[in-house]
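Below is one structure, written out as structure tokens; the observations come after it.
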Amino acid sequence: MIFKLPELPSAYDALEPHIDAETVEIHHSKHHATYIANLNTALDGQAIADQPIEYILTHLDELPADKRMAVKNNGGGYLNHSLFRQMMSPQGGGEPTGDLAKAISTTFDSFDTFKEQFTAKALATFGSGWTWLCKDKEGKLSLKRTSFQNNPIKDGLTPLLGIDVREHAYYLKHQNRRAEYIADRWNVVNRDRVAEQYKA
Ligand code: MN3
């Protein structure tokens, strides 16, 4: 399989004013595209290349040792950024309803506490990485942080919501103000998609 750059669900400027068009365009057409190009190069001629990316990332030992790091980094970059864009919507933001709202209240006491804890985790990331809301096989929610382009699937978890805190995700608009980027990011959370993934 040749991995391809997914089309964005909405225009580059659709997340304005929270996330600026130039950042979305560069993040998609340069960073995301480069992960995919490097992933395809690293997987060239490998039997595992026909598997879905989730399989590949959890079976790196099926690759020759000298290919594993490139596939882990670039395959993770491909998967994380594919999820990232689906997790954002111009009609996003606000509080969840239904089963997800109940699960968040049970796990974190309230939506506000969940938001505070998620934000604190994202702010405390040193360098690049991701912060995630995940569910385990029993549907239990938890917050996770991964470094570089790692994804919680490596621990058997399903990522429901993730935020990229690498500077390329916000520097053009927010410069060094990561807290403002995270605050803006809450306004475009694709609540419906997070709820769907929770039920799936
Ligand atoms: Mn990124």
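Identifiers in the structure tokens: chain A, B, ... in order shown; residue index from 1 per chain; ligand index from 1 in order shown.
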Show me which residues are within 9 Å of ligand 1 counting only C-alpha atoms and all ligand atoms, and format the list as a list in words. His27, His28, His31, His32, Gly77, Asn80, His81, Phe84, Ser128, Gly129, Trp130, Gln149, Ile163, Asp164, Val165, Arg166, Glu167, His168 and Ala169 of chain A
Which polymer residues have any atom within 12 Å of an atom of Leu79 of chain A, counting only C-alpha atoms, with same-chain residues fewer than 3 positions away left out, as a PyMOL selection string? chain A and resi 3-6+32-33+35-36+39+52-57+71-76+82-86+149-153+159+162
Please extract the residues of segment 1-199 of chain A with a backbone DSSP assignment of helix (DSSP H, G or I) and present them as a VMD selection string. chain A and resid 21 to 43 47 to 50 53 to 58 60 to 62 65 to 86 98 to 108 111 to 123 152 to 155 167 to 169 171 to 174 178 to 186 191 to 199
All residues 8 Å or closer to Gly92 of chain A, only C-alpha atoms, same chain fewer than 6 positions away omitted, as JSON, numbers by chain: {"A": [187, 188, 189, 190, 191]}
List every residue of segment 74-161 of chain A that has an atom at most 8 Å from any atom of segment 176-183 of chain A, giving for each one its closest atom pair and the distance in Å to one decimal, counting only C-alpha atoms, sorted by chain and then by ascending residue number, as JSON lines.
{"residue": "A:Thr119", "atom": "CA", "partner": "A:Ile182", "partner_atom": "CA", "distance": 6.9}
{"residue": "A:Ala122", "atom": "CA", "partner": "A:Ile182", "partner_atom": "CA", "distance": 7.9}
{"residue": "A:Leu123", "atom": "CA", "partner": "A:Ala179", "partner_atom": "CA", "distance": 6.6}
Those residues with all heavy atoms, as a CSV table (one decimal), in the first residue's frame please?
chain,number,residue,atom,x,y,z
A,119,THR,N,-5.4,20.3,29.8
A,119,THR,CA,-4.6,21.5,29.5
A,119,THR,C,-3.2,21.5,30.2
A,119,THR,O,-2.2,21.8,29.6
A,119,THR,CB,-5.4,22.7,29.8
A,119,THR,OG1,-6.6,22.7,29.0
A,119,THR,CG2,-4.6,24.0,29.5
A,122,ALA,N,-0.8,19.1,28.6
A,122,ALA,CA,-0.3,19.6,27.3
A,122,ALA,C,0.7,20.7,27.6
A,122,ALA,O,1.7,20.7,26.9
A,122,ALA,CB,-1.5,20.1,26.5
A,123,LEU,N,0.4,21.5,28.5
A,123,LEU,CA,1.3,22.6,28.9
A,123,LEU,C,2.7,22.1,29.4
A,123,LEU,O,3.7,22.7,29.2
A,123,LEU,CB,0.7,23.6,29.9
A,123,LEU,CG,-0.2,24.7,29.4
A,123,LEU,CD1,-0.8,25.4,30.6
A,123,LEU,CD2,0.6,25.6,28.5
Polymer residues at most 8 Å from Leu161 of chain A, only C-alpha atoms, same-chain spacing of 5 or more positions, as a VMD selection string: chain A and resid 84 87 132 to 134 194
So that I have them on file, write out the residues from the current selection with C-alpha atoms, as a PDB file, in the first residue's frame.
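Full text of again.pdb as output:
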ATOM      1  CA  PHE A  84      -5.733  15.401  14.488  1.00  0.00           C
ATOM      2  CA  MET A  87     -10.661  15.844  15.761  1.00  0.00           C
ATOM      3  CA  TRP A 132      -4.565  12.517  24.479  1.00  0.00           C
ATOM      4  CA  LEU A 133      -7.907  11.563  25.942  1.00  0.00           C
ATOM      5  CA  CYS A 134      -8.059   7.784  25.522  1.00  0.00           C
ATOM      6  CA  VAL A 194     -14.944  12.318  19.902  1.00  0.00           C
TER       7      VAL A 194
END
Where in segment 24-149 of chain A does DSSP assign strand (DSSP E or B), given as an mmCIF file with all heavy atoms, in the first residue's frame?
data_model
loop_
_atom_site.group_PDB
_atom_site.id
_atom_site.type_symbol
_atom_site.label_atom_id
_atom_site.label_comp_id
_atom_site.auth_asym_id
_atom_site.auth_seq_id
_atom_site.Cartn_x
_atom_site.Cartn_y
_atom_site.Cartn_z
ATOM 1 N N MET A 88 -10.834 18.078 14.768
ATOM 2 C CA MET A 88 -11.138 19.514 14.786
ATOM 3 C C MET A 88 -12.241 19.819 13.792
ATOM 4 O O MET A 88 -12.292 19.218 12.713
ATOM 5 C CB MET A 88 -9.904 20.327 14.410
ATOM 6 C CG MET A 88 -8.833 20.278 15.471
ATOM 7 S SD MET A 88 -7.544 21.505 15.192
ATOM 8 C CE MET A 88 -6.449 20.589 14.123
ATOM 9 N N GLY A 129 5.406 16.658 21.291
ATOM 10 C CA GLY A 129 4.655 15.495 21.728
ATOM 11 C C GLY A 129 3.172 15.757 21.609
ATOM 12 O O GLY A 129 2.752 16.781 21.058
ATOM 13 N N TRP A 130 2.405 14.831 22.125
ATOM 14 C CA TRP A 130 0.944 14.893 22.034
ATOM 15 C C TRP A 130 0.336 14.621 23.398
ATOM 16 O O TRP A 130 0.892 13.861 24.193
ATOM 17 C CB TRP A 130 0.436 13.831 21.047
ATOM 18 C CG TRP A 130 0.799 14.080 19.615
ATOM 19 C CD1 TRP A 130 2.050 13.930 19.066
ATOM 20 C CD2 TRP A 130 -0.061 14.517 18.561
ATOM 21 N NE1 TRP A 130 1.999 14.255 17.726
ATOM 22 C CE2 TRP A 130 0.725 14.610 17.389
ATOM 23 C CE3 TRP A 130 -1.418 14.823 18.495
ATOM 24 C CZ2 TRP A 130 0.192 15.012 16.168
ATOM 25 C CZ3 TRP A 130 -1.951 15.223 17.271
ATOM 26 C CH2 TRP A 130 -1.152 15.313 16.130
ATOM 27 N N THR A 131 -0.820 15.226 23.647
ATOM 28 C CA THR A 131 -1.626 14.892 24.816
ATOM 29 C C THR A 131 -2.945 14.320 24.307
ATOM 30 O O THR A 131 -3.494 14.823 23.317
ATOM 31 C CB THR A 131 -1.879 16.143 25.683
ATOM 32 O OG1 THR A 131 -0.614 16.665 26.083
ATOM 33 C CG2 THR A 131 -2.693 15.800 26.925
ATOM 34 N N TRP A 132 -3.407 13.275 24.983
ATOM 35 C CA TRP A 132 -4.565 12.517 24.479
ATOM 36 C C TRP A 132 -5.592 12.234 25.571
ATOM 37 O O TRP A 132 -5.217 11.958 26.707
ATOM 38 C CB TRP A 132 -4.106 11.142 23.964
ATOM 39 C CG TRP A 132 -3.011 11.136 22.968
ATOM 40 C CD1 TRP A 132 -1.664 11.034 23.229
ATOM 41 C CD2 TRP A 132 -3.131 11.190 21.531
ATOM 42 N NE1 TRP A 132 -0.964 11.031 22.044
ATOM 43 C CE2 TRP A 132 -1.827 11.123 20.986
ATOM 44 C CE3 TRP A 132 -4.232 11.281 20.664
ATOM 45 C CZ2 TRP A 132 -1.578 11.143 19.619
ATOM 46 C CZ3 TRP A 132 -3.990 11.306 19.296
ATOM 47 C CH2 TRP A 132 -2.668 11.242 18.785
ATOM 48 N N LEU A 133 -6.861 12.232 25.177
ATOM 49 C CA LEU A 133 -7.907 11.563 25.942
ATOM 50 C C LEU A 133 -8.092 10.208 25.275
ATOM 51 O O LEU A 133 -8.303 10.134 24.055
ATOM 52 C CB LEU A 133 -9.225 12.350 25.894
ATOM 53 C CG LEU A 133 -10.425 11.623 26.525
ATOM 54 C CD1 LEU A 133 -10.265 11.493 28.037
ATOM 55 C CD2 LEU A 133 -11.742 12.342 26.177
ATOM 56 N N CYS A 134 -7.989 9.142 26.078
ATOM 57 C CA CYS A 134 -8.059 7.784 25.522
ATOM 58 C C CYS A 134 -9.122 6.977 26.236
ATOM 59 O O CYS A 134 -9.524 7.303 27.346
ATOM 60 C CB CYS A 134 -6.736 7.051 25.754
ATOM 61 S SG CYS A 134 -5.316 7.893 25.100
ATOM 62 N N LYS A 135 -9.526 5.883 25.588
ATOM 63 C CA LYS A 135 -10.338 4.887 26.303
ATOM 64 C C LYS A 135 -9.650 3.537 26.179
ATOM 65 O O LYS A 135 -8.990 3.252 25.170
ATOM 66 C CB LYS A 135 -11.769 4.840 25.762
ATOM 67 C CG LYS A 135 -11.910 4.226 24.404
ATOM 68 C CD LYS A 135 -13.362 3.833 24.106
ATOM 69 C CE LYS A 135 -13.420 3.164 22.737
ATOM 70 N NZ LYS A 135 -14.717 2.666 22.352
ATOM 71 N N LEU A 141 -11.893 5.938 30.656
ATOM 72 C CA LEU A 141 -11.173 7.090 30.101
ATOM 73 C C LEU A 141 -9.888 7.374 30.880
ATOM 74 O O LEU A 141 -9.824 7.149 32.080
ATOM 75 C CB LEU A 141 -12.050 8.342 30.160
ATOM 76 C CG LEU A 141 -13.342 8.328 29.355
ATOM 77 C CD1 LEU A 141 -14.099 9.634 29.577
ATOM 78 C CD2 LEU A 141 -13.069 8.113 27.870
ATOM 79 N N SER A 142 -8.899 7.906 30.171
ATOM 80 C CA SER A 142 -7.679 8.364 30.850
ATOM 81 C C SER A 142 -6.981 9.406 29.987
ATOM 82 O O SER A 142 -7.246 9.511 28.792
ATOM 83 C CB SER A 142 -6.727 7.192 31.109
ATOM 84 O OG SER A 142 -6.340 6.600 29.882
ATOM 85 N N LEU A 143 -6.109 10.187 30.620
ATOM 86 C CA LEU A 143 -5.290 11.156 29.898
ATOM 87 C C LEU A 143 -3.896 10.572 29.733
ATOM 88 O O LEU A 143 -3.352 9.987 30.666
ATOM 89 C CB LEU A 143 -5.199 12.465 30.682
ATOM 90 C CG LEU A 143 -6.499 13.244 30.847
ATOM 91 C CD1 LEU A 143 -6.264 14.477 31.714
ATOM 92 C CD2 LEU A 143 -7.063 13.651 29.493
ATOM 93 N N LYS A 144 -3.325 10.741 28.555
ATOM 94 C CA LYS A 144 -1.980 10.226 28.285
ATOM 95 C C LYS A 144 -1.170 11.292 27.571
ATOM 96 O O LYS A 144 -1.715 12.122 26.838
ATOM 97 C CB LYS A 144 -2.024 8.994 27.359
ATOM 98 C CG LYS A 144 -2.714 7.807 27.933
ATOM 99 C CD LYS A 144 -1.869 7.116 28.982
ATOM 100 C CE LYS A 144 -2.726 6.139 29.773
ATOM 101 N NZ LYS A 144 -2.289 5.905 31.114
ATOM 102 N N ARG A 145 0.114 11.210 27.763
ATOM 103 C CA ARG A 145 1.009 12.066 27.013
ATOM 104 C C ARG A 145 1.984 11.166 26.276
ATOM 105 O O ARG A 145 2.462 10.188 26.837
ATOM 106 C CB ARG A 145 1.757 12.958 27.997
ATOM 107 C CG ARG A 145 2.334 14.185 27.372
ATOM 108 C CD ARG A 145 2.596 15.247 28.400
ATOM 109 N NE ARG A 145 3.472 14.744 29.448
ATOM 110 C CZ ARG A 145 3.665 15.369 30.601
ATOM 111 N NH1 ARG A 145 3.040 16.484 30.853
ATOM 112 N NH2 ARG A 145 4.487 14.887 31.494
ATOM 113 N N THR A 146 2.241 11.458 25.008
ATOM 114 C CA THR A 146 3.229 10.683 24.268
ATOM 115 C C THR A 146 4.278 11.639 23.719
ATOM 116 O O THR A 146 3.975 12.784 23.390
ATOM 117 C CB THR A 146 2.604 9.885 23.096
ATOM 118 O OG1 THR A 146 1.969 10.799 22.197
ATOM 119 C CG2 THR A 146 1.597 8.868 23.575
ATOM 120 N N SER A 147 5.506 11.170 23.639
ATOM 121 C CA SER A 147 6.564 12.021 23.096
ATOM 122 C C SER A 147 6.688 11.783 21.589
ATOM 123 O O SER A 147 6.227 10.775 21.060
ATOM 124 C CB SER A 147 7.879 11.735 23.802
ATOM 125 O OG SER A 147 8.145 10.360 23.749
#
Quote the spacing between atom CA of Lys102 of chain A and atom CA of Lys137 of chain A in Å to one decimal place.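 We find that atom CA of Lys102 of chain A and atom CA of Lys137 of chain A lie 17.4 Å from each other.
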Rounded to one decimal in Å, what is the spacing between atom CA of Trp186 of chain A and atom CA of Ser10 of chain A?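 Result for atom CA of Trp186 of chain A versus atom CA of Ser10 of chain A: 17.5 Å, one decimal.
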